[in-house]
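Since the structure comes first, as structure tokens, the remarks are kept for the end.
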Amino acid sequence: MSVLGTRVVRIEDPRLLTTGATYVDDLRIPQLAGAAFVTYVRSPLAHARITGIDVSAAAEAPGVVAVFTANDLDDVPPPPADNPLAEPLLAKDVVRYVGEPVAMVITETRAQGEDAAELVAVDYEPLPAVVDVEEAVKDEVLLFPEAGTNIVAPNGPEEFDDAPFEACEVVIERTFRNQRVAPVPMEVRSAAAAWDGERVTVWSSNQNAQTTRAIIAGGLGVEPDKVRVITPDVGGGFGAKIGVDRDTVLVAWAARRLNRAVRWTETRSESLIAMQHGRAQVHKVKLGGNRDGKILAYRIDFMQDGGAYPRVGPLLANFTTLMAPAVYEIPTVQIRSKVVLTNTTPVGAYRGAGRPEATATIERLVDIFAAEIGMDPAEVRRRNLIPADKFPYTTPTGLVYDSGEYVKALDRVLEAAGYAELRAEQERRRAAGDTKVLGIGLSSYVEVTALDFPNGETGRVVIGRDGSATVYTGSHTQGQGHATSWAMIVQDQLGIPMDKVTVIHGDTDAIPVGTGTYASRSLQVGGIAVHECAVKIKEKARELAARELEADPNDLVLDTATGSWHVQGVPGTKLDWARLAELAGEEGLTADVHFKPSRPTFPFGAHLAVVEVDTETGQVRLLRHISLDDAGPLINPIIAEGQRHGGIAQGVAQALYEEMAYDAEGNPITANLADYPMISAAELPSFELLTMETPTDVNPLGVKGIGEAGTIGATPAVQNAVVDALSHLGVRHIEMPATPERVWKAINEARGSEKRAAQ
């Protein structure tokens, strides 16, 4: 019996739950002995010209080793002259968001750094700030005057064709905002670095050590072999730790400049204002269809808020563009996008990275369309979902969906939830005039995973002379359970027990080439690389065993229950892995694979949320959440469920609570966890998880990604549920997050409109 698909308890957890993880800030190793501490001086203004920086008082403060500004960075490559939007390591002439670093203070202790940083005197000449993308797109306030515009990477037609909508019986036009959120990982950004005279070693909390090495090497102007990156345990990434940003590059630079180990860990408030944010899109949309429920045309004209620097804004906009049609068979899909710069923290990848935004918009529109034609939203979805017999299915945006059972997923969720009974209970409460009303929200979704499929992933498996296996993987764990899953794959193929399998990642000396973990890619690329390594080792072992036993290789059998080889029909002739590793000699029994899938995969699913809304206070309570997330065959259901739990929690959080907000001058007003309402278990019910496993033909295990499913499916389901709860009062839409204030206002505005209509 294969270990794959069984509920194996994660082997990482005993250490994490007893002695605890070792994060960068926990490192107490010889290379970092006596390390100095970095403290950044950050801009308090969203937009200003720097007219002078006086570091003299700070330089004389107790414990100060050095104070650096942009003028001291004379040994690093300058920003490219042909890129006026380049992000400097330290701001020199202009600051463009609150939290942008303008100086770094190096001290003997962390506390001394906080005191000395306050003594750095920066003279600012305030400039007008622009925070809202709809204002920024007017180009009245320019972040980069030399560029002449705040618009980056415009894509799509200058003019749309209205003909497909003119043929529709019903046309809906709306503007939706997918609000800015903060990643808030358990472990904030942290780095340490040491210089040995030849190269710099950097310990960094990141999602891909090899990419981090490339970024640091580029920032320092050295070859990658002059940088080693080691990643210890990582306390969450959610996309915000893909590679590193300038704060970590500067830590490496300071170690080299001072010839001394240095370390830096940001505060939680720094993390909220200076770590990249996520989402932040504005969608102007149009949907047309007939009263029989068929959707015929869809248009999305959207802006991605890039923040003060473009970073990966164009990539996020591209993901939203590609996934715009979602799960629906729509004859006409029109898309236009642009990235717009604002005086806010730069926006980057955050769990889903462009795909949740696409799903949130079309799922809201489907509900609005259903209300307009008087049809149940479940039935509208059923009539427009791509049928199972259409796969592989080519979308209007050029993607090829590999496999799917969209209608089946929706129907299973409706059945498990008791949809008819929920609707009856909703009507009962409304008829009774109950102040606590029930809302039922749906979403059907598909996402693309491993969209960077040409990069693939590396794997290496080495069989030791003691019969153990060591796995070297370019994938990168931040809690995903790679040590367990990769060990399961090795045990399944080779019969080496999981407790004799060691998984190594996150060290560029041990794994020089790798891609890392993001975009729900690890199992289907990194895991497959390990699987293919095991297959290659099995074939090598077959030849070795055949020579040793003087048998035909085709007659050799691997008994995975005992991890031994024998001649078929002669079980007494056994060779174990320890002996085979010995027979391999100096060459060793090893295999290296760089697995590159032919195309991405497309997990899918359906979510149903049940909320209770207090119409007197606007308070929303999530009562139930039922989800079906199909990512193909599950290697370990426990790990898949953990990913789903976390994703749903973050999706609910965006729908109901979280928003990174700024005032008109660009000052962040949710700069700590007292003001930024991060969700906790207290606000969540036990999730009801359904399973379905539709394999893909893209890889030999048939697996797809699962890490971002919850954030894509949960958010629109919960938002739809809130609006559905209040639809009988005349509420047609509520922007996220559906806070009590926002819900209460929507209720009272609807009642006011009703009164005015009656008059």
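Going through the structure tokens in order, the chains are called A, B, and so on, while each chain numbers its residues from 1 and the ligands are numbered from 1 in the order shown.
Proximity to A:Thr6 at 12 Å, evaluated using only C-alpha atoms and with sequence-adjacent residues fewer than 4 positions away removed, yields A:Met1, A:Ser2, A:Arg10, A:Thr484, A:Ser485, A:Met488, A:Ile489, A:Asp492, A:Pro633, A:Leu634, A:Ile635, A:Asn636, A:Pro637, A:Ile638, A:Ile639, A:Ala640.
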Restricted to N, CA and C atoms, what would the selected residues look like written as an mmCIF file, in the first residue's frame?
data_model
loop_
_atom_site.group_PDB
_atom_site.id
_atom_site.type_symbol
_atom_site.label_atom_id
_atom_site.label_comp_id
_atom_site.auth_asym_id
_atom_site.auth_seq_id
_atom_site.Cartn_x
_atom_site.Cartn_y
_atom_site.Cartn_z
ATOM 1 N N MET A 1 0.843 -1.197 0.000
ATOM 2 C CA MET A 1 0.000 0.000 0.000
ATOM 3 C C MET A 1 0.878 1.247 0.000
ATOM 4 N N SER A 2 0.556 2.206 -0.841
ATOM 5 C CA SER A 2 1.344 3.427 -0.936
ATOM 6 C C SER A 2 1.074 4.343 0.241
ATOM 7 N N ARG A 10 2.621 15.560 10.312
ATOM 8 C CA ARG A 10 3.819 16.269 9.852
ATOM 9 C C ARG A 10 5.002 16.007 10.776
ATOM 10 N N THR A 484 7.847 16.617 5.281
ATOM 11 C CA THR A 484 6.938 15.465 5.326
ATOM 12 C C THR A 484 6.592 14.976 3.926
ATOM 13 N N SER A 485 6.166 15.883 3.068
ATOM 14 C CA SER A 485 5.710 15.477 1.733
ATOM 15 C C SER A 485 6.829 14.870 0.910
ATOM 16 N N MET A 488 7.595 11.449 2.112
ATOM 17 C CA MET A 488 6.557 10.510 1.683
ATOM 18 C C MET A 488 6.789 10.063 0.251
ATOM 19 N N ILE A 489 7.180 11.001 -0.606
ATOM 20 C CA ILE A 489 7.443 10.654 -2.008
ATOM 21 C C ILE A 489 8.603 9.676 -2.104
ATOM 22 N N ASP A 492 7.500 6.266 -0.826
ATOM 23 C CA ASP A 492 6.614 5.625 -1.797
ATOM 24 C C ASP A 492 7.400 4.984 -2.923
ATOM 25 N N PRO A 633 -4.907 14.710 -6.945
ATOM 26 C CA PRO A 633 -4.628 13.748 -5.872
ATOM 27 C C PRO A 633 -3.846 14.400 -4.731
ATOM 28 N N LEU A 634 -4.224 14.064 -3.497
ATOM 29 C CA LEU A 634 -3.569 14.642 -2.329
ATOM 30 C C LEU A 634 -2.452 13.724 -1.850
ATOM 31 N N ILE A 635 -1.255 14.266 -1.741
ATOM 32 C CA ILE A 635 -0.142 13.491 -1.194
ATOM 33 C C ILE A 635 -0.362 13.245 0.286
ATOM 34 N N ASN A 636 -0.781 14.304 0.997
ATOM 35 C CA ASN A 636 -1.051 14.203 2.430
ATOM 36 C C ASN A 636 -2.256 15.077 2.749
ATOM 37 N N PRO A 637 -3.420 14.482 3.005
ATOM 38 C CA PRO A 637 -4.623 15.277 3.270
ATOM 39 C C PRO A 637 -4.480 16.235 4.438
ATOM 40 N N ILE A 638 -3.687 15.878 5.447
ATOM 41 C CA ILE A 638 -3.509 16.772 6.595
ATOM 42 C C ILE A 638 -2.863 18.077 6.155
ATOM 43 N N ILE A 639 -1.829 17.974 5.343
ATOM 44 C CA ILE A 639 -1.135 19.177 4.876
ATOM 45 C C ILE A 639 -2.043 19.991 3.966
ATOM 46 N N ALA A 640 -2.789 19.335 3.086
ATOM 47 C CA ALA A 640 -3.713 20.049 2.207
ATOM 48 C C ALA A 640 -4.773 20.783 3.022
#
- Task: Just the residues within 8 Å of A:Ala541, please, counting only C-alpha atoms, with nothing from its chain fewer than 3 positions along; format it as a ChimeraX atom specification.
- Result: /A:537-538,544-545,580,589
Save the residues we just selected, all heavy atoms, as a short mmCIF file (atom, residue, chain, number, x, y, z; two decimals), in the first residue's frame?
data_model
loop_
_atom_site.label_atom_id
_atom_site.label_comp_id
_atom_site.auth_asym_id
_atom_site.auth_seq_id
_atom_site.Cartn_x
_atom_site.Cartn_y
_atom_site.Cartn_z
N ILE A 537 16.97 6.94 -9.35
CA ILE A 537 17.76 6.14 -8.41
C ILE A 537 17.30 4.69 -8.45
O ILE A 537 18.11 3.75 -8.39
CB ILE A 537 17.66 6.73 -6.99
CG1 ILE A 537 18.60 7.93 -6.88
CG2 ILE A 537 17.98 5.68 -5.93
CD1 ILE A 537 18.59 8.62 -5.56
N LYS A 538 16.02 4.49 -8.58
CA LYS A 538 15.49 3.13 -8.64
C LYS A 538 16.04 2.38 -9.86
O LYS A 538 16.40 1.19 -9.76
CB LYS A 538 13.95 3.19 -8.69
CG LYS A 538 13.27 1.86 -8.46
CD LYS A 538 11.83 2.03 -7.98
CE LYS A 538 11.00 2.89 -8.89
NZ LYS A 538 9.57 2.93 -8.47
N LEU A 544 22.58 -2.04 -10.49
CA LEU A 544 23.56 -2.47 -9.48
C LEU A 544 23.16 -3.81 -8.88
O LEU A 544 24.00 -4.71 -8.71
CB LEU A 544 23.67 -1.42 -8.37
CG LEU A 544 24.36 -0.09 -8.74
CD1 LEU A 544 24.16 0.91 -7.61
CD2 LEU A 544 25.85 -0.32 -8.98
N ALA A 545 21.89 -3.95 -8.54
CA ALA A 545 21.41 -5.19 -7.93
C ALA A 545 21.52 -6.35 -8.92
O ALA A 545 21.87 -7.48 -8.53
CB ALA A 545 19.96 -5.02 -7.47
N LEU A 580 23.43 -1.25 -1.56
CA LEU A 580 23.45 -0.70 -2.91
C LEU A 580 24.26 0.59 -2.96
O LEU A 580 24.97 0.85 -3.93
CB LEU A 580 22.03 -0.45 -3.39
CG LEU A 580 21.23 -1.73 -3.74
CD1 LEU A 580 19.76 -1.42 -3.89
CD2 LEU A 580 21.79 -2.35 -5.02
N LEU A 589 25.25 6.71 -4.99
CA LEU A 589 23.92 6.43 -5.53
C LEU A 589 23.11 7.71 -5.42
O LEU A 589 22.45 7.99 -4.41
CB LEU A 589 23.27 5.28 -4.76
CG LEU A 589 21.98 4.68 -5.35
CD1 LEU A 589 22.11 4.39 -6.82
CD2 LEU A 589 21.59 3.44 -4.57
#
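Near A:Asp576, within 7 Å and counting only C-alpha atoms, sit Gly563, Ser564, Trp565, Lys574, Ala578, Arg579 and Leu580 of chain A, not including residues fewer than 2 positions from it in the same chain.
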Export of prior selection with all heavy atoms as a tab-separated table (two decimals), in the first residue's frame:
chain	number	residue	atom	x	y	z
A	563	GLY	N	12.08	-2.02	1.79
A	563	GLY	CA	13.17	-1.25	1.21
A	563	GLY	C	14.30	-2.13	0.74
A	563	GLY	O	15.48	-1.79	0.91
A	564	SER	N	13.97	-3.26	0.11
A	564	SER	CA	15.01	-4.19	-0.34
A	564	SER	C	14.66	-4.74	-1.72
A	564	SER	O	13.49	-4.82	-2.10
A	564	SER	CB	15.18	-5.33	0.65
A	564	SER	OG	13.98	-6.08	0.77
A	565	TRP	N	15.74	-5.12	-2.45
A	565	TRP	CA	15.60	-5.68	-3.79
A	565	TRP	C	15.81	-7.19	-3.74
A	565	TRP	O	16.60	-7.69	-2.95
A	565	TRP	CB	16.65	-5.07	-4.71
A	565	TRP	CG	16.43	-3.62	-5.03
A	565	TRP	CD1	16.79	-2.57	-4.27
A	565	TRP	CD2	15.82	-3.09	-6.20
A	565	TRP	NE1	16.44	-1.39	-4.88
A	565	TRP	CE2	15.85	-1.69	-6.09
A	565	TRP	CE3	15.26	-3.66	-7.35
A	565	TRP	CZ2	15.33	-0.85	-7.06
A	565	TRP	CZ3	14.75	-2.82	-8.33
A	565	TRP	CH2	14.78	-1.43	-8.18
A	574	LYS	N	18.20	-10.85	-1.04
A	574	LYS	CA	17.86	-9.46	-0.74
A	574	LYS	C	19.09	-8.57	-0.73
A	574	LYS	O	20.15	-8.95	-0.25
A	574	LYS	CB	17.15	-9.37	0.62
A	574	LYS	CG	15.73	-9.91	0.62
A	574	LYS	CD	15.05	-9.62	1.95
A	574	LYS	CE	13.60	-10.10	1.93
A	574	LYS	NZ	12.92	-9.80	3.20
A	578	ALA	N	21.48	0.28	1.89
A	578	ALA	CA	22.83	0.50	2.41
A	578	ALA	C	23.85	-0.25	1.55
A	578	ALA	O	24.90	0.30	1.18
A	578	ALA	CB	22.91	0.05	3.87
A	579	ARG	N	23.54	-1.48	1.22
A	579	ARG	CA	24.44	-2.28	0.40
A	579	ARG	C	24.54	-1.71	-1.01
A	579	ARG	O	25.64	-1.64	-1.60
A	579	ARG	CB	23.95	-3.73	0.35
A	579	ARG	CG	24.75	-4.65	-0.56
A	579	ARG	CD	26.21	-4.70	-0.18
A	579	ARG	NE	26.98	-5.61	-1.05
A	579	ARG	CZ	28.28	-5.51	-1.28
A	579	ARG	NH1	28.99	-4.53	-0.70
A	579	ARG	NH2	28.88	-6.36	-2.08
A	580	LEU	N	23.43	-1.25	-1.56
A	580	LEU	CA	23.45	-0.70	-2.91
A	580	LEU	C	24.26	0.59	-2.96
A	580	LEU	O	24.97	0.85	-3.93
A	580	LEU	CB	22.03	-0.45	-3.39
A	580	LEU	CG	21.23	-1.73	-3.74
A	580	LEU	CD1	19.76	-1.42	-3.89
A	580	LEU	CD2	21.79	-2.35	-5.02
- Using only C-alpha atoms, pick whichever of A:Leu258, A:Met275, A:Val462, A:Val24 has the shortest atom-to-atom distance to A:Ile242.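 So, comparing all the options, the nearest one is A:Met275.
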- If you count only C-alpha atoms, which residues fall within 9 Å of stretch 228-239 of chain A, apart from same-chain ones fewer than 4 positions away, as a ChimeraX atom specification? /A:21-24,27,183-188,199-210,212-213,224,278,348-353,476-479,505-509,517-519,708
- For each of A:Pro62, A:Leu127, A:Leu272, A:Ala738, take the minimum atom-to-atom distance to A:Leu142, counting only C-alpha atoms, then give the residue where this is smallest.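 Smallest distance to A:Leu142 is found for A:Leu127.
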- Which of A:Gly293, A:Pro145, A:Pro396, A:Gly646 sits closest to A:Pro325 [using only C-alpha atoms]: A:Pro396
- Message: Residues near A:Ile11, anyone? I mean within 10 Å using only C-alpha atoms, not counting same-chain ones fewer than 3 positions away, as number ranges by chain.
- Response: A: 8, 14-16, 481-485, 487, 498-499
- helix (DSSP H, G or I) residues, from DSSP on the backbone, in stretch 330-413 of chain A, as number ranges by chain: A: 355-373, 377-384, 388-390, 406-413
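For the pair atom CA of A:Val98 and atom CA of A:Val347, the separation is 13.6 Å.
Excluding A:Asp93 itself and same-chain residues fewer than 6 positions from it, the residues having an atom within 10 Å of it are Ala48, Arg49, Ile50, Thr51, Gly52, Ala70, Val102 and Tyr124 of chain A, counting only C-alpha atoms.
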File of the preceding selection, all heavy atoms, as a PDB file, in the first residue's frame:
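Result went into selection-v5.pdb, see below:
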ATOM      1  N   ALA A  48       8.175  64.069  -0.519  1.00  0.00           N
ATOM      2  CA  ALA A  48       8.951  65.239  -0.124  1.00  0.00           C
ATOM      3  C   ALA A  48      10.306  65.204  -0.801  1.00  0.00           C
ATOM      4  O   ALA A  48      10.825  64.144  -1.152  1.00  0.00           O
ATOM      5  CB  ALA A  48       9.122  65.291   1.393  1.00  0.00           C
ATOM      6  N   ARG A  49      10.865  66.400  -0.944  1.00  0.00           N
ATOM      7  CA  ARG A  49      12.228  66.525  -1.441  1.00  0.00           C
ATOM      8  C   ARG A  49      13.173  66.573  -0.244  1.00  0.00           C
ATOM      9  O   ARG A  49      12.928  67.291   0.725  1.00  0.00           O
ATOM     10  CB  ARG A  49      12.361  67.779  -2.298  1.00  0.00           C
ATOM     11  CG  ARG A  49      13.709  67.932  -2.988  1.00  0.00           C
ATOM     12  CD  ARG A  49      13.699  69.074  -3.991  1.00  0.00           C
ATOM     13  NE  ARG A  49      12.899  68.732  -5.178  1.00  0.00           N
ATOM     14  CZ  ARG A  49      11.712  69.270  -5.441  1.00  0.00           C
ATOM     15  NH1 ARG A  49      11.185  70.158  -4.624  1.00  0.00           N
ATOM     16  NH2 ARG A  49      11.039  68.912  -6.522  1.00  0.00           N
ATOM     17  N   ILE A  50      14.235  65.772  -0.292  1.00  0.00           N
ATOM     18  CA  ILE A  50      15.232  65.788   0.776  1.00  0.00           C
ATOM     19  C   ILE A  50      16.208  66.926   0.484  1.00  0.00           C
ATOM     20  O   ILE A  50      16.909  66.911  -0.529  1.00  0.00           O
ATOM     21  CB  ILE A  50      15.987  64.446   0.853  1.00  0.00           C
ATOM     22  CG1 ILE A  50      15.023  63.297   1.140  1.00  0.00           C
ATOM     23  CG2 ILE A  50      17.069  64.509   1.929  1.00  0.00           C
ATOM     24  CD1 ILE A  50      15.659  61.918   1.055  1.00  0.00           C
ATOM     25  N   THR A  51      16.245  67.924   1.373  1.00  0.00           N
ATOM     26  CA  THR A  51      17.142  69.060   1.159  1.00  0.00           C
ATOM     27  C   THR A  51      18.406  68.973   2.000  1.00  0.00           C
ATOM     28  O   THR A  51      19.335  69.759   1.799  1.00  0.00           O
ATOM     29  CB  THR A  51      16.408  70.374   1.463  1.00  0.00           C
ATOM     30  OG1 THR A  51      15.933  70.351   2.824  1.00  0.00           O
ATOM     31  CG2 THR A  51      15.225  70.556   0.518  1.00  0.00           C
ATOM     32  N   GLY A  52      18.458  68.028   2.927  1.00  0.00           N
ATOM     33  CA  GLY A  52      19.666  67.858   3.721  1.00  0.00           C
ATOM     34  C   GLY A  52      19.495  66.783   4.773  1.00  0.00           C
ATOM     35  O   GLY A  52      18.385  66.556   5.270  1.00  0.00           O
ATOM     36  N   ALA A  70      22.519  57.801   1.480  1.00  0.00           N
ATOM     37  CA  ALA A  70      22.703  57.444   0.064  1.00  0.00           C
ATOM     38  C   ALA A  70      24.057  57.894  -0.458  1.00  0.00           C
ATOM     39  O   ALA A  70      24.631  57.257  -1.355  1.00  0.00           O
ATOM     40  CB  ALA A  70      21.580  58.045  -0.770  1.00  0.00           C
ATOM     41  N   VAL A 102      15.748  56.320   4.491  1.00  0.00           N
ATOM     42  CA  VAL A 102      16.611  57.411   4.044  1.00  0.00           C
ATOM     43  C   VAL A 102      18.005  57.321   4.658  1.00  0.00           C
ATOM     44  O   VAL A 102      18.943  57.962   4.176  1.00  0.00           O
ATOM     45  CB  VAL A 102      15.992  58.788   4.363  1.00  0.00           C
ATOM     46  CG1 VAL A 102      14.687  58.960   3.618  1.00  0.00           C
ATOM     47  CG2 VAL A 102      15.773  58.966   5.860  1.00  0.00           C
ATOM     48  N   TYR A 124      13.135  68.066   5.083  1.00  0.00           N
ATOM     49  CA  TYR A 124      12.224  67.709   4.000  1.00  0.00           C
ATOM     50  C   TYR A 124      11.508  68.959   3.488  1.00  0.00           C
ATOM     51  O   TYR A 124      11.088  69.824   4.269  1.00  0.00           O
ATOM     52  CB  TYR A 124      11.158  66.722   4.480  1.00  0.00           C
ATOM     53  CG  TYR A 124      11.668  65.364   4.897  1.00  0.00           C
ATOM     54  CD1 TYR A 124      11.766  65.031   6.260  1.00  0.00           C
ATOM     55  CD2 TYR A 124      12.006  64.405   3.959  1.00  0.00           C
ATOM     56  CE1 TYR A 124      12.206  63.767   6.654  1.00  0.00           C
ATOM     57  CE2 TYR A 124      12.446  63.144   4.348  1.00  0.00           C
ATOM     58  CZ  TYR A 124      12.543  62.834   5.694  1.00  0.00           C
ATOM     59  OH  TYR A 124      12.973  61.591   6.085  1.00  0.00           O
TER      60      TYR A 124
END
- Item | Top pick for closest residue to A:Leu442, considering A:Val535, A:Val95, A:Ala609, A:Ile362 and counting only C-alpha atoms | A:Ala609
I'd like a table as CSV: residues in stretch 133-232 of chain A with an atom no more than 10 Å from stretch 306-318 of chain A, each row giving the shortest atom pair and its distance in Å to one decimal, only C-alpha atoms counted, sorted by chain and rising residue number.
residue,atom,partner,partner_atom,distance
A:Val133,CA,A:Gly306,CA,9.0
A:Leu143,CA,A:Ala308,CA,7.3
A:Phe144,CA,A:Ala308,CA,9.5
A:Asn150,CA,A:Ala308,CA,9.5
A:Ile151,CA,A:Gly306,CA,9.4
A:Val152,CA,A:Pro310,CA,7.4
A:Ala153,CA,A:Pro314,CA,6.1
A:Pro154,CA,A:Pro314,CA,8.6
A:Asn155,CA,A:Asn318,CA,8.9
Write out the residues from the selection above, keeping N, CA, C and O atoms, as a short mmCIF file (atom, residue, chain, number, x, y, z; two decimals), in the first residue's frame.
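New file selection_34.cif:
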data_model
loop_
_atom_site.label_atom_id
_atom_site.label_comp_id
_atom_site.auth_asym_id
_atom_site.auth_seq_id
_atom_site.Cartn_x
_atom_site.Cartn_y
_atom_site.Cartn_z
N VAL A 133 -5.69 55.85 -6.75
CA VAL A 133 -5.30 55.60 -8.14
C VAL A 133 -6.13 56.41 -9.13
O VAL A 133 -5.63 56.80 -10.19
N LEU A 143 4.90 61.26 -9.39
CA LEU A 143 5.94 60.71 -8.51
C LEU A 143 7.30 60.82 -9.17
O LEU A 143 8.31 61.02 -8.48
N PHE A 144 7.34 60.64 -10.49
CA PHE A 144 8.59 60.74 -11.24
C PHE A 144 8.36 61.72 -12.40
O PHE A 144 7.96 61.31 -13.49
N ASN A 150 2.25 58.79 -14.21
CA ASN A 150 2.21 57.79 -13.13
C ASN A 150 1.77 56.42 -13.65
O ASN A 150 1.70 55.47 -12.87
N ILE A 151 1.49 56.33 -14.92
CA ILE A 151 0.97 55.09 -15.49
C ILE A 151 2.12 54.22 -15.99
O ILE A 151 3.01 54.68 -16.70
N VAL A 152 2.07 52.96 -15.59
CA VAL A 152 3.09 51.99 -15.97
C VAL A 152 2.40 50.81 -16.66
O VAL A 152 1.33 50.37 -16.23
N ALA A 153 3.01 50.29 -17.68
CA ALA A 153 2.58 49.04 -18.33
C ALA A 153 1.11 49.03 -18.71
O ALA A 153 0.37 48.12 -18.36
N PRO A 154 0.64 50.05 -19.46
CA PRO A 154 -0.74 49.97 -19.95
C PRO A 154 -0.89 48.82 -20.93
O PRO A 154 0.00 48.54 -21.73
N ASN A 155 -2.03 48.15 -20.85
CA ASN A 155 -2.23 46.97 -21.69
C ASN A 155 -3.69 46.88 -22.09
O ASN A 155 -4.58 47.06 -21.25
#
- Using only C-alpha atoms, the shortest atom-to-atom distance to A:Val718 among A:Pro88, A:Gly441, A:Gly527, A:Pro685 belongs to A:Gly441
- Message: Give me, as a ChimeraX atom specification, all polymer residues having an atom no more than 10 Å from A:Gln179, counting only C-alpha atoms and skipping those fewer than 4 positions away in the same chain.
- Response: /A:278-282,305,357,654-655,658-661,735-737
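For the choices A:Gln524, A:Thr149, A:Thr435, A:Asn290, the atom-to-atom distance to A:Asn699 is smallest for A:Gln524 when using only C-alpha atoms.
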- Residue list (strand (DSSP E or B), DSSP) for stretch 442-691 of chain A, as number ranges by chain: A: 442-446, 449, 457-463, 469-473, 501-504, 507, 556-559, 564-567, 570-576, 589-595, 601, 604-614, 620-630, 662, 668, 688-690
